[in-house]
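Below is the file upload-v4.txt, which contains compact mmCIF, C-alpha atoms.
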# COMPACT_ATOMS: atom_id res chain seq x y z
CA MET A 211 -4.03 -6.56 35.09
CA GLU A 212 -6.38 -7.11 38.02
CA GLY A 213 -7.76 -10.69 38.21
CA LEU A 214 -11.41 -9.60 38.36
CA VAL A 215 -11.13 -7.58 35.15
CA LEU A 216 -9.22 -10.29 33.32
CA LYS A 217 -11.62 -13.05 34.33
CA SER A 218 -14.69 -10.96 33.46
CA ILE A 219 -13.42 -10.28 29.94
CA ILE A 220 -12.50 -13.94 29.40
CA VAL A 221 -15.99 -15.02 30.43
CA LYS A 222 -17.48 -12.37 28.15
CA VAL A 223 -15.69 -13.60 25.02
CA LEU A 224 -16.18 -17.35 25.59
CA GLU A 225 -18.45 -19.18 23.21
CA ARG A 226 -21.65 -20.64 24.62
CA ASP A 227 -20.47 -24.27 24.34
CA ASP A 228 -17.40 -23.48 26.48
CA LEU A 229 -18.88 -21.07 29.00
CA ASN A 230 -20.44 -23.30 31.71
CA GLU A 231 -17.67 -25.89 31.61
CA PHE A 232 -15.03 -23.18 31.87
CA ILE A 233 -16.68 -21.43 34.82
CA GLN A 234 -17.09 -24.68 36.74
CA LEU A 235 -13.57 -25.89 35.94
CA TYR A 236 -11.87 -22.73 37.15
CA ASN A 237 -14.39 -21.97 39.90
CA PHE A 238 -15.01 -18.34 38.90
CA GLU A 239 -16.62 -16.11 41.50
CA GLU A 240 -20.18 -14.83 41.22
CA ASP A 241 -18.88 -11.26 40.88
CA VAL A 242 -17.03 -12.19 37.70
CA ILE A 243 -20.21 -13.52 36.12
CA LYS A 244 -22.23 -10.45 37.16
CA ILE A 245 -19.68 -7.98 35.80
CA SER A 246 -19.33 -9.92 32.56
CA ASN A 247 -23.11 -9.96 32.01
CA ARG A 248 -23.70 -6.36 33.02
CA TYR A 249 -20.90 -4.39 31.35
CA SER A 250 -19.32 -4.06 27.91
CA ILE A 251 -15.65 -4.93 27.40
CA ASN A 252 -14.80 -1.25 27.29
CA GLU A 253 -16.59 -0.64 30.60
CA ILE A 254 -14.89 -3.65 32.22
CA LEU A 255 -11.48 -2.38 31.09
CA SER A 256 -12.24 1.00 32.63
CA LEU A 257 -12.41 -0.70 36.05
CA GLU A 258 -8.64 -1.19 35.83
CA LYS A 259 -7.00 2.26 35.96
CA ASN A 260 -3.40 1.20 35.34
CA ILE A 261 -3.82 -1.11 32.36
CA THR A 262 -1.14 -0.50 29.73
CA LEU A 263 -1.48 -0.60 25.95
CA ASN A 264 0.77 -3.66 25.75
CA GLN A 265 -1.43 -5.49 28.28
CA LYS A 266 -4.52 -4.70 26.21
CA VAL A 267 -2.84 -5.90 23.01
CA THR A 268 -1.66 -9.08 24.75
CA LEU A 269 -5.13 -9.90 26.06
CA TYR A 270 -6.72 -9.10 22.71
CA THR A 271 -4.22 -11.37 20.91
CA TYR A 272 -5.20 -14.35 23.08
CA ILE A 273 -8.87 -13.59 22.44
CA PHE A 274 -8.13 -13.40 18.71
CA LEU A 275 -6.39 -16.78 18.86
CA TYR A 276 -9.26 -18.41 20.75
CA LYS A 277 -11.89 -17.16 18.31
CA LYS A 278 -9.84 -18.21 15.28
CA LEU A 279 -9.13 -21.67 16.73
CA LYS A 280 -12.87 -22.16 17.24
CA ASN A 281 -13.39 -21.51 13.51
CA ILE A 282 -16.45 -19.39 14.25
CA ASN A 283 -18.44 -17.95 11.36
CA ASN A 284 -18.02 -14.19 11.02
CA SER A 285 -15.15 -14.28 13.54
CA LYS A 286 -13.46 -11.48 11.59
CA ASN A 287 -16.32 -9.04 12.15
CA ARG A 288 -16.57 -9.95 15.82
CA LEU A 289 -12.84 -9.61 16.38
CA ILE A 290 -12.81 -6.19 14.72
CA GLU A 291 -15.67 -5.16 17.04
CA ILE A 292 -13.75 -6.42 20.07
CA ALA A 293 -10.66 -4.47 18.96
CA LYS A 294 -12.78 -1.31 18.91
CA GLU A 295 -14.09 -2.10 22.40
CA PHE A 296 -10.45 -2.35 23.48
CA ASN A 297 -9.86 1.05 21.81
CA LEU A 298 -7.20 -0.54 19.60
CA GLU A 299 -6.28 0.44 16.06
CA ASP A 300 -7.29 -1.85 13.18
CA SER A 301 -3.63 -2.70 12.67
CA VAL A 302 -3.65 -4.83 15.84
CA TYR A 303 -6.16 -7.15 14.19
CA GLU A 304 -4.04 -7.13 11.03
CA ASN A 305 -0.89 -7.98 13.02
CA CYS A 306 -2.67 -10.89 14.68
CA THR A 307 -3.80 -12.13 11.27
CA TYR A 308 -0.24 -11.96 9.99
CA PHE A 309 1.37 -13.91 12.84
CA PHE A 310 -1.49 -16.39 13.38
CA ASN A 311 -1.92 -17.46 9.78
CA LYS A 312 -3.83 -20.51 8.60
CA ASP A 313 -0.89 -22.92 8.91
CA ARG A 314 -0.06 -21.83 12.45
CA LEU A 315 -3.69 -22.09 13.53
CA ASN A 316 -3.90 -25.62 12.12
CA TYR A 317 -0.70 -26.58 13.95
CA ILE A 318 -2.04 -25.28 17.28
CA ARG A 319 -5.35 -27.12 16.78
CA MET A 320 -3.56 -30.39 16.06
CA ASP A 321 -1.27 -29.88 19.07
CA TYR A 322 -4.24 -29.27 21.35
CA ASN A 323 -6.00 -32.36 20.01
CA LYS A 324 -2.93 -34.49 20.71
CA LYS A 325 -2.72 -33.14 24.25
CA ASN A 326 -6.50 -33.57 24.70
CA LEU A 327 -6.86 -29.88 25.60
CA LYS A 328 -9.91 -27.71 25.12
CA LEU A 329 -9.39 -24.68 22.91
CA TYR A 330 -10.36 -22.29 25.71
CA ASN A 331 -7.21 -23.35 27.53
CA VAL A 332 -5.31 -20.99 25.25
CA LEU A 333 -6.74 -18.19 27.43
CA ILE A 334 -5.36 -19.67 30.64
CA GLU A 335 -2.52 -22.15 30.06
CA VAL A 336 -0.09 -20.89 27.44
CA ASP A 337 2.86 -22.84 26.00
CA ASP A 338 6.11 -21.29 24.78
CA TYR A 339 5.23 -21.55 21.08
CA ILE A 340 2.07 -19.46 21.48
CA SER A 341 3.69 -17.11 23.99
CA ASN A 342 6.51 -16.31 21.54
CA LEU A 343 4.04 -15.51 18.76
CA VAL A 344 2.01 -13.26 21.08
CA THR A 345 5.23 -11.45 22.02
CA LYS A 346 5.89 -10.82 18.33
CA VAL A 347 2.42 -9.35 17.87
CA VAL A 348 2.87 -7.04 20.85
CA SER A 349 6.31 -5.90 19.64
CA VAL A 350 5.07 -4.75 16.21
CA PRO A 351 4.41 -0.97 16.15
CA ILE A 352 0.72 -0.13 16.16
CA ARG A 353 -0.27 1.62 12.95
CA LYS A 354 -2.80 4.41 13.06
CA ASN A 355 -5.98 4.13 11.03
CA LYS A 356 -5.98 5.85 7.66
CA LYS A 357 -8.67 8.05 6.18
CA ASN A 358 -10.39 6.67 3.09
CA LEU A 359 -10.56 9.33 0.36
CA VAL A 360 -13.95 8.46 -1.06
CA GLY A 361 -14.50 9.74 -4.60
CA LEU A 362 -10.86 10.77 -5.01
CA LYS A 363 -9.90 11.74 -8.58
CA SER A 364 -6.31 11.66 -9.77
CA ARG A 365 -6.55 15.23 -11.10
CA GLU A 366 -6.98 16.45 -7.51
CA TYR A 367 -3.37 15.66 -6.68
CA GLU A 368 -1.81 15.48 -10.16
CA HIS A 369 1.43 17.39 -10.62
CA ILE A 370 0.85 20.23 -13.08
CA ASP A 371 3.96 19.37 -15.13
CA ASP A 372 2.74 15.79 -15.42
CA ALA A 373 -0.65 16.95 -16.75
CA ARG A 374 0.91 19.38 -19.22
CA ALA A 375 3.53 16.97 -20.54
CA LEU A 376 1.05 14.13 -20.87
CA GLU A 377 -1.41 16.24 -22.85
CA ASN A 378 1.37 17.56 -25.10
CA PHE A 379 2.67 14.20 -26.19
CA ARG A 380 -0.79 12.59 -26.40
CA ASN A 381 -1.34 15.03 -29.27
CA ASN A 382 2.00 14.13 -30.87
CA LYS A 383 1.54 12.27 -34.18
CA ASN A 384 4.77 10.29 -33.79
CA ILE A 385 3.71 9.02 -30.39
CA GLU A 386 0.33 8.07 -31.83
CA LYS A 387 2.18 5.83 -34.32
CA VAL A 388 4.20 4.31 -31.48
CA VAL A 389 1.00 3.50 -29.60
CA ARG A 390 -0.41 1.75 -32.68
CA LEU A 391 2.73 -0.39 -33.02
CA TYR A 392 2.71 -1.20 -29.31
CA ILE A 393 -0.87 -2.47 -29.55
CA GLU A 394 -0.46 -4.14 -32.95
CA TYR A 395 2.54 -6.23 -31.87
CA ASP A 396 1.09 -6.89 -28.41
CA ILE A 397 4.43 -5.96 -26.87
CA GLU A 398 2.91 -5.72 -23.40
CA ARG A 399 2.51 -9.49 -23.38
CA ILE A 400 6.32 -9.92 -23.26
CA SER A 401 6.74 -8.30 -19.85
CA LYS A 402 3.56 -9.84 -18.44
CA ILE A 403 4.77 -13.33 -19.32
CA GLN A 404 8.15 -12.62 -17.76
CA TYR A 405 6.76 -11.29 -14.48
CA THR A 406 3.87 -13.72 -14.02
CA GLY A 407 5.94 -16.76 -14.96
CA SER A 408 8.94 -16.16 -12.73
CA ASN A 409 7.53 -14.46 -9.61
CA ILE A 410 5.11 -15.23 -6.79
CA LEU A 411 1.46 -14.14 -6.97
CA VAL A 412 0.48 -12.57 -3.65
CA THR A 413 -2.81 -13.73 -2.11
CA GLN A 414 -4.59 -13.56 1.23
CA GLU A 415 -3.41 -17.12 1.86
CA ASN A 416 0.33 -16.94 1.14
CA ILE A 417 1.39 -13.38 2.11
CA PRO A 418 -1.64 -11.84 3.88
CA TYR A 419 0.34 -8.91 5.33
CA LEU A 420 1.31 -7.67 1.85
CA TYR A 421 -2.03 -8.49 0.26
CA ASP A 422 -3.95 -6.65 2.99
CA ALA A 423 -1.64 -3.64 2.57
CA LEU A 424 -2.53 -3.46 -1.14
CA CYS A 425 -6.24 -3.76 -0.33
CA LYS A 426 -5.86 -0.96 2.21
CA VAL A 427 -4.14 1.29 -0.36
CA CYS A 428 -6.89 0.68 -2.93
CA GLU A 429 -9.52 1.41 -0.28
CA ILE A 430 -7.83 4.68 0.73
CA LEU A 431 -7.31 5.89 -2.86
CA ASP A 432 -10.79 4.73 -3.93
CA VAL A 433 -9.59 2.24 -6.55
CA LYS A 434 -12.36 -0.33 -6.97
CA LYS A 435 -10.46 -3.09 -8.78
CA ILE A 436 -7.53 -4.48 -6.81
CA PRO A 437 -4.66 -5.20 -9.22
CA LYS A 438 -2.80 -8.50 -9.05
CA LEU A 439 0.38 -8.28 -7.02
CA TYR A 440 3.60 -10.26 -7.49
CA VAL A 441 6.82 -10.50 -5.47
CA LYS A 442 10.23 -10.90 -7.07
CA GLN A 443 13.72 -11.13 -5.67
CA GLY A 444 15.40 -7.77 -5.27
CA PHE A 445 16.05 -4.67 -3.20
CA ILE A 446 13.45 -1.95 -2.43
CA ASN A 447 11.57 -1.24 -5.65
CA ALA A 448 8.27 -1.77 -7.43
CA CYS A 449 6.78 -1.39 -10.90
CA THR A 450 3.45 -1.71 -12.68
CA ILE A 451 2.91 -3.61 -15.93
CA GLY A 452 -0.09 -3.65 -18.29
CA CYS A 453 -2.67 -1.01 -19.12
CA ASN A 454 -5.85 -3.11 -19.49
CA ASP A 455 -5.31 -5.46 -16.56
CA PRO A 456 -2.34 -3.98 -14.70
CA ILE A 457 -0.18 -5.99 -12.30
CA ILE A 458 2.09 -4.60 -9.60
CA VAL A 459 5.47 -6.21 -8.91
CA VAL A 460 7.36 -5.46 -5.68
CA ASP A 461 10.84 -6.57 -4.69
CA SER A 462 11.01 -9.00 -1.78
CA ALA A 463 13.15 -6.66 0.34
CA CYS A 464 10.16 -4.32 0.66
CA LEU A 465 8.69 -6.79 3.15
CA SER A 466 11.75 -6.91 5.39
CA LEU A 467 13.21 -3.41 5.04
CA LEU A 468 10.06 -1.24 5.02
CA ASP A 469 7.67 -0.67 7.90
CA TYR A 470 3.93 -0.72 7.26
CA ASP A 471 3.52 2.96 6.37
CA GLU A 472 6.56 2.82 4.07
CA LEU A 473 5.04 -0.22 2.37
CA LEU A 474 1.79 1.71 1.90
CA PHE A 475 3.80 4.50 0.26
CA ILE A 476 5.47 2.13 -2.22
CA LEU A 477 2.18 0.43 -3.09
CA GLY A 478 0.32 3.75 -3.17
CA HIS A 479 2.89 5.08 -5.65
CA GLU A 480 2.15 2.19 -8.04
CA VAL A 481 -1.62 2.35 -7.55
CA GLY A 482 -1.30 6.09 -8.25
CA HIS A 483 0.20 5.29 -11.65
CA ILE A 484 -2.79 3.05 -12.38
CA LYS A 485 -5.30 5.63 -11.18
CA SER A 486 -3.70 8.36 -13.31
CA GLU A 487 -3.63 6.02 -16.35
CA HIS A 488 0.13 6.35 -16.70
CA VAL A 489 0.78 2.66 -17.27
CA LEU A 490 0.27 2.47 -21.05
CA TYR A 491 2.85 5.18 -21.71
CA HIS A 492 5.22 3.92 -19.02
CA ASN A 493 5.26 0.50 -20.66
CA ILE A 494 5.73 2.02 -24.11
CA SER A 495 8.75 4.02 -22.90
CA GLN A 496 10.32 0.84 -21.50
CA PHE A 497 9.88 -0.93 -24.85
CA LEU A 498 10.89 1.97 -27.08
CA PRO A 499 14.11 0.23 -28.18
CA ILE A 500 12.08 -2.75 -29.44
CA ILE A 501 9.54 -0.48 -31.13
CA ALA A 502 12.34 1.61 -32.66
CA SER A 503 13.91 -1.56 -34.03
CA ILE A 504 10.61 -2.57 -35.65
CA VAL A 505 10.23 0.90 -37.17
CA GLY A 506 13.88 0.89 -38.30
CA ASN A 507 13.47 -2.40 -40.14
CA VAL A 508 10.47 -1.04 -42.02
CA THR A 509 11.94 2.41 -42.81
CA LEU A 510 15.61 1.49 -43.39
CA GLY A 511 16.64 3.17 -40.14
CA LEU A 512 15.02 6.56 -40.74
CA GLY A 513 12.08 5.85 -38.47
CA GLU A 514 14.38 4.67 -35.70
CA LEU A 515 16.21 7.98 -35.86
CA ALA A 516 12.92 9.90 -35.71
CA LEU A 517 11.90 8.00 -32.57
CA GLN A 518 14.86 9.39 -30.65
CA GLY A 519 12.96 12.65 -30.27
CA VAL A 520 9.88 10.73 -29.13
CA SER A 521 12.03 8.95 -26.57
CA LEU A 522 13.26 12.21 -25.02
CA LEU A 523 9.73 13.61 -24.91
CA MET A 524 8.38 10.47 -23.29
CA TYR A 525 11.16 10.23 -20.69
CA ASN A 526 10.58 13.88 -19.80
CA TRP A 527 6.93 13.15 -19.08
CA TYR A 528 7.76 9.88 -17.29
CA ARG A 529 9.88 11.77 -14.77
CA LYS A 530 7.04 14.25 -14.14
CA SER A 531 4.59 11.39 -13.64
CA GLU A 532 6.72 10.13 -10.77
CA PHE A 533 5.91 13.31 -8.85
CA THR A 534 2.19 12.58 -9.23
CA ALA A 535 2.64 8.97 -8.11
CA ASP A 536 4.65 10.09 -5.07
CA ARG A 537 1.70 12.24 -4.03
CA ALA A 538 -0.60 9.23 -4.36
CA GLY A 539 1.84 7.28 -2.18
CA LEU A 540 1.72 9.98 0.48
CA LEU A 541 -2.07 10.05 0.40
CA ALA A 542 -2.03 6.28 0.86
CA CYS A 543 0.37 6.18 3.82
CA GLN A 544 -0.69 9.57 5.28
CA ASN A 545 2.73 9.87 6.92
CA ILE A 546 5.23 12.33 5.42
CA ASP A 547 8.10 10.94 7.49
CA ALA A 548 7.43 7.44 6.15
CA ALA A 549 7.33 8.77 2.58
CA ILE A 550 10.67 10.57 2.95
CA SER A 551 12.32 7.66 4.76
CA THR A 552 11.23 5.32 1.95
CA MET A 553 12.97 7.57 -0.58
CA THR A 554 16.04 7.66 1.67
CA LYS A 555 16.14 3.88 1.63
CA LEU A 556 15.57 3.85 -2.14
CA ALA A 557 18.54 6.18 -2.49
CA GLY A 558 20.78 3.54 -0.91
CA PHE A 559 20.91 4.33 2.81
CA PRO A 560 22.62 1.29 4.49
CA TYR A 561 20.04 -0.87 6.23
CA ASN A 562 22.28 -1.35 9.29
CA PHE A 563 21.77 2.36 10.01
CA TYR A 564 18.02 2.68 9.31
CA ASP A 565 17.44 3.70 12.92
CA SER A 566 19.39 6.91 12.29
CA ILE A 567 17.42 8.02 9.19
CA ASN A 568 16.48 11.69 9.46
CA SER A 569 14.16 13.19 6.84
CA GLU A 570 15.93 16.54 7.12
CA MET A 571 19.12 14.88 5.89
CA ILE A 572 17.85 14.04 2.40
CA LEU A 573 15.98 17.34 2.12
CA LYS A 574 19.19 19.25 2.91
CA GLN A 575 20.99 17.17 0.30
CA ALA A 576 18.30 18.09 -2.25
CA THR A 577 18.80 21.79 -1.53
CA ASP A 578 22.56 21.45 -1.99
CA PHE A 579 21.97 19.54 -5.22
CA GLU A 580 19.70 22.29 -6.59
CA GLU A 581 22.38 24.88 -5.86
CA LEU A 582 24.55 23.21 -8.51
CA ASP A 583 22.28 24.95 -11.03
CA ASN A 584 24.04 28.22 -10.20
CA SER A 585 26.72 26.99 -12.58
CA LYS A 586 25.56 26.76 -16.20
CA TYR A 587 28.00 23.93 -16.84
CA ASN A 588 26.63 21.90 -13.91
CA LYS A 589 23.10 22.56 -15.08
CA ILE A 590 23.91 21.21 -18.55
CA MET A 591 25.63 18.15 -17.08
CA LYS A 592 22.62 17.44 -14.85
CA TYR A 593 20.28 17.64 -17.83
CA LEU A 594 22.46 15.36 -19.96
CA SER A 595 22.66 12.88 -17.07
CA ILE A 596 18.89 12.68 -16.60
CA MET A 597 17.53 13.12 -20.14
CA ASN A 598 17.42 9.36 -20.89
CA SER A 599 16.25 8.36 -17.42
CA ASP A 600 12.68 7.43 -16.56
CA HIS A 601 12.95 8.60 -12.92
CA PRO A 602 13.91 12.01 -11.52
CA TRP A 603 16.70 12.42 -8.99
CA THR A 604 15.57 10.69 -5.77
CA VAL A 605 16.59 13.59 -3.52
CA LEU A 606 14.57 16.00 -5.66
CA ARG A 607 11.55 13.70 -5.49
CA ALA A 608 11.74 13.91 -1.71
CA LYS A 609 12.01 17.70 -1.75
CA GLU A 610 9.17 18.05 -4.29
CA LEU A 611 6.89 15.88 -2.19
CA LYS A 612 7.74 17.73 1.03
CA SER A 613 6.99 21.05 -0.70
CA TRP A 614 3.59 19.75 -1.80
CA TYR A 615 2.93 18.58 1.75
CA ASP A 616 3.95 21.94 3.22
CA ASN A 617 1.93 24.11 0.81
CA GLY A 618 -1.37 22.80 2.16
CA GLU A 619 -2.54 20.78 -0.87
CA TYR A 620 -2.08 17.47 0.93
CA LYS A 621 -4.10 18.62 3.93
CA ARG A 622 -6.81 20.05 1.66
CA ILE A 623 -7.29 16.68 -0.04
CA LEU A 624 -7.20 14.76 3.24
CA ASN A 625 -9.93 17.03 4.66
CA ARG A 626 -12.01 17.07 1.47
CA ASN A 627 -15.05 15.22 2.90
CA GLY A 628 -15.72 13.41 -0.35
CA ASN A 629 -15.86 16.52 -2.54
CA ASN A 630 -13.99 16.35 -5.84
CA GLN A 631 -11.99 19.55 -5.51
CA ILE A 632 -9.71 20.66 -8.34
CA THR A 633 -7.21 23.43 -7.97
CA SER A 634 -7.43 26.31 -10.43
CA ASN A 635 -4.13 25.51 -12.14
CA GLN A 636 -5.42 22.04 -13.02
CA ILE A 637 -8.72 22.99 -14.64
CA ASN A 638 -7.25 23.61 -18.10
CA TYR A 639 -5.68 20.17 -18.13
CA VAL A 640 -8.65 17.97 -17.31
CA GLN A 641 -9.12 15.89 -20.45
CA LYS A 642 -10.72 12.55 -21.25
CA PHE A 643 -8.49 9.91 -22.86
CA CYS A 644 -8.86 6.29 -23.93
CA THR A 645 -7.30 3.96 -21.34
CA GLN A 646 -6.56 1.42 -24.08
CA CYS A 647 -4.61 3.49 -26.58
CA GLY A 648 -4.33 6.96 -25.06
CA SER A 649 -6.22 8.79 -27.82
CA LYS A 650 -7.96 12.03 -26.90
CA LEU A 651 -11.73 11.64 -26.58
CA LYS A 652 -14.69 13.95 -26.74
CA PRO A 653 -16.30 14.47 -23.31
CA THR A 654 -19.45 12.61 -24.44
CA ALA A 655 -17.65 9.71 -26.20
CA LYS A 656 -18.68 6.18 -25.29
CA PHE A 657 -16.20 4.47 -27.63
CA CYS A 658 -12.69 5.37 -28.75
CA THR A 659 -12.71 6.31 -32.43
CA PHE A 660 -9.13 5.05 -32.76
CA CYS A 661 -9.13 1.56 -31.18
CA GLY A 662 -12.85 0.97 -30.49
CA GLU A 663 -12.42 0.49 -26.74
CA ARG A 664 -15.54 1.18 -24.64
CA VAL A 665 -14.93 4.16 -22.35

Full structure transcribed into structure tokens:
Amino acid sequence: MEGLVLKSIIVKVLERDDLNEFIQLYNFEEDVIKISNRYSINEILSLEKNITLNQKVTLYTYIFLYKKLKNINNSKNRLIEIAKEFNLEDSVYENCTYFFNKDRLNYIRMDYNKKNLKLYNVLIEVDDYISNLVTKVVSVPIRKNKKNLVGLKSREYEHIDDARALENFRNNKNIEKVVRLYIEYDIERISKIQYTGSNILVTQENIPYLYDALCKVCEILDVKKIPKLYVKQGFINACTIGCNDPIIVVDSACLSLLDYDELLFILGHEVGHIKSEHVLYHNISQFLPIIASIVGNVTLGLGELALQGVSLLMYNWYRKSEFTADRAGLLACQNIDAAISTMTKLAGFPYNFYDSINSEMILKQATDFEELDNSKYNKIMKYLSIMNSDHPWTVLRAKELKSWYDNGEYKRILNRNGNNQITSNQINYVQKFCTQCGSKLKPTAKFCTFCGERV
């Protein structure tokens, strides 16, 4: 980058208490001062015709570091403004935040104090420690900005089979009894205690990259309350626990084996479950054996036998709900390739070969898998294999999502301009339900007549 441009931008971003001393110390020319005072950062950058994206990111990263080291009030807002003047995506600021976390900033400050260096020296004289961190920032792929879907309703993207199945078993008397037992025995507390007691709560301070990704997903999907997020040891997976105050739990490998858009897909999938109010029934299905045991003890085993039919009905819906949540994940990441590659990794693709993942590969496999239905015997075997599973076949999830993407529904929602559009095949299935117990409500109801929850 040409010296005049570089110097002018440095002068422009310096804080007032550093400016005069810096100019005198490094003997900057009068032209540098004039350009810095007269033009915006964007205009100064335009003076250099051959500046590369990596050079812009590098310079911005040093500016980010200087501002953060100065501990300036509202530095976040100013740094986001500077990123826009550099014509950089928001993710560059997020990457800088991830690599220059609070602990690293404190270490650099202490190091500079020991060496009796001014903080502005980070813009001119760079040591290896800082240089290596800047290199890491520059090497991270730049993520494109995502469109926030203001006013988004879950019924806009809900899978029709999910809506139908959910309404059918919400009206099932046996399931209503199961819901009562689930609430009465406070079974949800079991899993919450397990997850919150043994895993790490994610915050802005300890894992900002992951926390910011969740905030971004909630912003995109228009979910006002950000759920608590925990990390546990494990491969690529995630789940959501609790219907009143849901928590999301992700496996630690998601941070190392998924890129940013893939992480948005995983988190968007779970937030989609929350937005569609799936969580109560998901949790009930996971604890059906415990509930069946309680019923069996009371009814001498007859009730436990009756709940087997409830179990099949609930698992059938659970699998359909995954299609809806996958759509929410795609809306969150806004990258169909990232969504399909996430499913490929979930299906067990070896991480040493992630560079060779091709979305067409898993979609072709899904087509071949569907062709097994040409044999009645294979079709029966497939049904028997999946009937007690809470997730559909991964390859079919990928194909189902790609079909939804290709049929134009995804694009329609992304270009909705804030309008709550509902497709015609969804209108008959829009129904109001209690988020506490799942009971059907009248459209004008303010309280649930079953559990008393305010709605």

Could you build a table of the residues in stretch 265-315 of chain A lying no more than 9 Å from stretch 355-364 of chain A, giving for each the nearest pair of atoms and their separation in Å rounded to one decimal place, using all atoms listed in the file, ordered by chain and ascending residue number, as a tab-separated table?
residue	atom	partner	partner_atom	distance
A:Glu299	CA	A:Asn355	CA	6.2
A:Asp300	CA	A:Asn355	CA	6.5
A:Ser301	CA	A:Asn355	CA	7.4

Can you spit out the residues from that selection as a PDB file, in the frame of the given file, using C-alpha atoms?
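The new file selection34.pdb reads:
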ATOM      1  CA  GLU A 299      -6.280   0.440  16.060  1.00  0.00           C
ATOM      2  CA  ASP A 300      -7.290  -1.850  13.180  1.00  0.00           C
ATOM      3  CA  SER A 301      -3.630  -2.700  12.670  1.00  0.00           C
TER       4      SER A 301
END

task = Please measure the separation of atom CA of A:Ser486 and atom CA of A:Asp547, giving the value in Å to one decimal.
result = 24.1 Å

From A:Arg607, A:Lys222, A:Arg529, A:Lys426, residue lying nearest A:Thr554 [all atoms listed in the file] =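 Ranking A:Arg607, A:Lys222, A:Arg529, A:Lys426 by distance to A:Thr554, first place goes to A:Arg607.
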
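Take atom CA of A:Asn281 and atom CA of A:Ser250: the distance between them is 23.4 Å.
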
key: Pick from A:Tyr491, A:Tyr564, A:Tyr367, A:Tyr249, whichever lies nearest to A:Leu468 using all atoms listed in the file   = A:Tyr564

query = Skipping near chain neighbours, those fewer than 2 positions away, what residues fall within 7 Å of A:Ala463 using only C-alpha atoms, listed as a list in words?
reply =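 Counting only C-alpha atoms, the residues come to Gly444, Phe445, Ile446, Asp461, Leu465, Ser466 and Leu467 of chain A.
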
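Among the candidates A:Phe533, A:Tyr330, A:Phe475, A:Phe296, the one nearest to A:His488 when counting all atoms listed in the file is A:Phe533.
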
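Surrounding residues of (-3.5, -10.6, 14.6) at most 7 Å away are Thr271, Phe274, Val302, Tyr303, Glu304, Asn305, Cys306, Thr307, Tyr308, Phe309, Phe310 and Val347 of chain A (based on only C-alpha atoms).
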
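When atom CA of A:Ile458 is paired with atom CA of A:Ser569, their separation reads 27.1 Å.
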
inquiry  = Residues within 9 Å of A:Glu368, please, as a PyMOL selection string. Count only C-alpha atoms; anything in the same chain fewer than 3 positions from it doesn't count.
reply    = chain A and resi 364-365+371-373+486+531+533-535+537-538+636

In file coordinates, which residues lie within 10 Å of (7.8, 11.1, 5.4) using only C-alpha atoms, given as a CSV table (one decimal) with C-alpha atoms, in the frame of the given file?
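What follows is the written file out24.csv:
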chain,number,residue,atom,x,y,z
A,471,ASP,CA,3.5,3.0,6.4
A,472,GLU,CA,6.6,2.8,4.1
A,475,PHE,CA,3.8,4.5,0.3
A,540,LEU,CA,1.7,10.0,0.5
A,543,CYS,CA,0.4,6.2,3.8
A,544,GLN,CA,-0.7,9.6,5.3
A,545,ASN,CA,2.7,9.9,6.9
A,546,ILE,CA,5.2,12.3,5.4
A,547,ASP,CA,8.1,10.9,7.5
A,548,ALA,CA,7.4,7.4,6.2
A,549,ALA,CA,7.3,8.8,2.6
A,550,ILE,CA,10.7,10.6,3.0
A,551,SER,CA,12.3,7.7,4.8
A,552,THR,CA,11.2,5.3,2.0
A,553,MET,CA,13.0,7.6,-0.6
A,554,THR,CA,16.0,7.7,1.7
A,568,ASN,CA,16.5,11.7,9.5
A,569,SER,CA,14.2,13.2,6.8
A,570,GLU,CA,15.9,16.5,7.1
A,608,ALA,CA,11.7,13.9,-1.7
A,611,LEU,CA,6.9,15.9,-2.2
A,612,LYS,CA,7.7,17.7,1.0
A,615,TYR,CA,2.9,18.6,1.8
